[in-house]
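A quick write-up on the structure given underneath.
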Amino acid sequence: MTQTPTDSGSGTRTASSPARPDPEVSVIVPAKDERDNLPELLDEIETALAGRSFEIIVIDDGSSDGSDEMLRARAQEKPVLRALRHARSSGQSCSVRTGLRHARGAIVVTIDGDGENDPAYIPALLEALEGAGEGVALAAGQRVGRKASGPKRVASRLANGLRGWLLADQTRDSGCGLKALRRHVFLALPYFDSWHRFLPALVLREGYGVVHVDIVDRHRRHGQSKYGIFDRALVGILDLYGVWWLRRRRRVIPEVSTIAGGANPAPKE
């Protein structure tokens, strides 16, 4: 039987099978060794998006705790779930990009797989983005009531202060994993390792606006954080200057209008 690729490039479907309509929202969940946190998180995402057309894409970033088997079983029960797996661990930025390339929704929501971000705030992000108009491409969560250790909170404040001063990205906390973006803008952003930490600055670079929603932080229920102080703050200083350079080198493309030749010529026999 003839097979044709799906729109997302994520697999194949038979030519006689009806195409599924694209969902309104794609939720991308990067996760590494979060087998115990994911089931409850997935249920919470479904509850938060009840009444909307959505899909959930979990990217298993080379986990070794059996996450792939759990996700395979869950996907049999939940048609909204798609699970992808990296052959080896490649980091959160790569996982977000993999999910984005497979997403079909016009709006993409990102949320960490550790459960520290509460999916109950997803509707508020979507409402903020949709209510702001097409000129705004990102609704960014900003954490309040941080549950991290004292040293991590201090390092985060220092990093956020330096980032805000250098990039003027109008964002108090760019490290919150809970965000909603317009997919066509998300796809246009330059990709590099750690890009997920600089999405407000990158969106502003493209000429779009950013809105913010306060997100109450919560403790992870199982396991330990995969990242330390040096991963999130000090190493990110080099990335910070790289984004600063990207913003300075941005050139706005002038508006283009058609002055002639609007109709396509008829194909030759």
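By order of appearance in the structure tokens: chains A, B, ..., then residues from 1 within every chain, and ligands from 1 in the order shown.
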*Quick one: residues within 6 Å of A:Arg220, only C-alpha atoms counted, chain neighbours fewer than 2 positions away excluded, as a list in words?*
Gly115, Glu116 and His222 of chain A
*7 Å contact set for A:Arg182, only C-alpha atoms, chain neighbours under 3 positions out, as a PyMOL selection string*: chain A and resi 106-108+137-138+185-186
For the selection just defined, write its residues with C-alpha atoms to a file, as a PDB file, in the first residue's frame.
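Resulting contents of result_24.pdb:
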ATOM      1  CA  ALA A 106      -0.395  26.997  15.894  1.00  0.00           C
ATOM      2  CA  ILE A 107       0.566  27.688  19.527  1.00  0.00           C
ATOM      3  CA  VAL A 108       3.298  25.751  21.297  1.00  0.00           C
ATOM      4  CA  ALA A 137       4.497  36.029  20.038  1.00  0.00           C
ATOM      5  CA  LEU A 138       5.415  34.883  23.552  1.00  0.00           C
ATOM      6  CA  VAL A 185       7.755  32.637  15.213  1.00  0.00           C
ATOM      7  CA  PHE A 186       9.299  29.869  17.328  1.00  0.00           C
TER       8      PHE A 186
END
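One distance worth recording is that between atom CA of A:Asp169 and atom CA of A:Leu246, which is 13.1 Å.
Backbone DSSP over stretch 20-85 of chain A yields helix (DSSP H, G or I) at A:Leu38, A:Pro39, A:Glu40, A:Leu41, A:Leu42, A:Asp43, A:Glu44, A:Ile45, A:Glu46, A:Thr47, A:Ala48, A:Ser67, A:Asp68, A:Glu69, A:Met70, A:Leu71, A:Arg72, A:Ala73, A:Arg74, A:Ala75, A:Gln76, A:Glu77.
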For C-alpha atoms, I'd like the residues from the last selection saved as an mmCIF file, in the first residue's frame.
data_model
loop_
_atom_site.group_PDB
_atom_site.id
_atom_site.type_symbol
_atom_site.label_atom_id
_atom_site.label_comp_id
_atom_site.auth_asym_id
_atom_site.auth_seq_id
_atom_site.Cartn_x
_atom_site.Cartn_y
_atom_site.Cartn_z
ATOM 1 C CA LEU A 38 5.490 12.256 34.137
ATOM 2 C CA PRO A 39 2.237 10.292 34.708
ATOM 3 C CA GLU A 40 0.747 12.838 37.095
ATOM 4 C CA LEU A 41 2.076 15.741 35.029
ATOM 5 C CA LEU A 42 0.434 14.357 31.873
ATOM 6 C CA ASP A 43 -2.892 14.015 33.675
ATOM 7 C CA GLU A 44 -2.606 17.619 34.909
ATOM 8 C CA ILE A 45 -1.913 18.892 31.379
ATOM 9 C CA GLU A 46 -5.010 17.115 30.070
ATOM 10 C CA THR A 47 -7.126 18.605 32.843
ATOM 11 C CA ALA A 48 -5.768 22.101 32.206
ATOM 12 C CA SER A 67 10.605 6.271 30.916
ATOM 13 C CA ASP A 68 10.284 4.967 27.345
ATOM 14 C CA GLU A 69 8.315 1.889 28.428
ATOM 15 C CA MET A 70 6.004 3.964 30.606
ATOM 16 C CA LEU A 71 5.394 6.445 27.786
ATOM 17 C CA ARG A 72 4.732 3.646 25.305
ATOM 18 C CA ALA A 73 2.042 2.239 27.579
ATOM 19 C CA ARG A 74 0.504 5.661 28.257
ATOM 20 C CA ALA A 75 0.343 6.503 24.556
ATOM 21 C CA GLN A 76 -1.784 3.391 23.998
ATOM 22 C CA GLU A 77 -4.332 4.826 26.442
#
*If we count only C-alpha atoms, what is near stretch 83-93 of chain A at a cut-off of 9 Å, once residues fewer than 2 positions away on the same chain are taken out, given as a list in words?*
Pro30, Ala31, Lys32, Ile56, Ile57, Val58, Ile59, Asp60, Asp61, Gly62, Ser63, Asp68, Leu71, Arg72, Ala75, Leu81, Ser95, Val96, Arg97, Thr98, Gly99, Asp112, Tyr191, Phe192, Asp193, Ser194, Trp195, His196 and Arg197 of chain A
_Expected answer as a PyMOL selection string: strand (DSSP E) residues in stretch 24-237 of chain A_ = chain A and resi 25-31+54-60+81-85+107-110+136-144+179-182+209-216
Taking 5 positions as the minimum chain separation for residues in the same chain, which residues sit within 8 Å of A:Val211 when counting only C-alpha atoms? Answer as a PDB file with N, CA and C atoms, in the first residue's frame.
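Heads up, here's the output in part_37.pdb:
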ATOM      1  N   ALA A 128      -3.396  35.065  27.772  1.00  0.00           N
ATOM      2  CA  ALA A 128      -2.556  36.255  27.683  1.00  0.00           C
ATOM      3  C   ALA A 128      -1.998  36.421  26.271  1.00  0.00           C
ATOM      4  N   LEU A 129      -1.570  35.319  25.658  1.00  0.00           N
ATOM      5  CA  LEU A 129      -1.000  35.374  24.310  1.00  0.00           C
ATOM      6  C   LEU A 129      -2.077  35.712  23.286  1.00  0.00           C
ATOM      7  N   ALA A 132      -3.384  39.318  23.452  1.00  0.00           N
ATOM      8  CA  ALA A 132      -2.435  40.394  23.147  1.00  0.00           C
ATOM      9  C   ALA A 132      -2.366  40.723  21.666  1.00  0.00           C
ATOM     10  N   VAL A 136       2.223  40.068  19.395  1.00  0.00           N
ATOM     11  CA  VAL A 136       2.889  39.440  20.546  1.00  0.00           C
ATOM     12  C   VAL A 136       3.031  37.954  20.261  1.00  0.00           C
ATOM     13  N   LEU A 138       5.008  35.691  22.405  1.00  0.00           N
ATOM     14  CA  LEU A 138       5.415  34.883  23.552  1.00  0.00           C
ATOM     15  C   LEU A 138       4.700  35.336  24.813  1.00  0.00           C
ATOM     16  N   ALA A 139       4.101  34.373  25.516  1.00  0.00           N
ATOM     17  CA  ALA A 139       3.631  34.591  26.885  1.00  0.00           C
ATOM     18  C   ALA A 139       4.549  33.784  27.785  1.00  0.00           C
ATOM     19  N   ALA A 140       5.325  34.468  28.605  1.00  0.00           N
ATOM     20  CA  ALA A 140       6.371  33.827  29.403  1.00  0.00           C
ATOM     21  C   ALA A 140       5.963  33.747  30.860  1.00  0.00           C
TER      22      ALA A 140
END
_With only C-alpha atoms as the counted atoms, please give the residues lying no more than 10 Å from A:Leu125, apart from itself and same-chain residues fewer than 4 positions off, as a list in words._
Val109, Ala120, Tyr121, Leu129, Glu130, Gly131, Leu138, Ala139, Ala140, Gly141, Leu178, Lys179, Ala180, Leu181, Val211, His212, Val213, Asp214 and Ile215 of chain A
_Atom-to-atom span, atom CA of A:Pro119 and atom CA of A:Arg52, Å_ = 14.1 Å
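Between atom CA of A:Val29 and atom CA of A:Asp114 lies a distance of 9.3 Å.
Closest to A:Arg143 among A:Gly113, A:Asp217, A:Lys78, A:Trp245 is A:Asp217, based on only C-alpha atoms.
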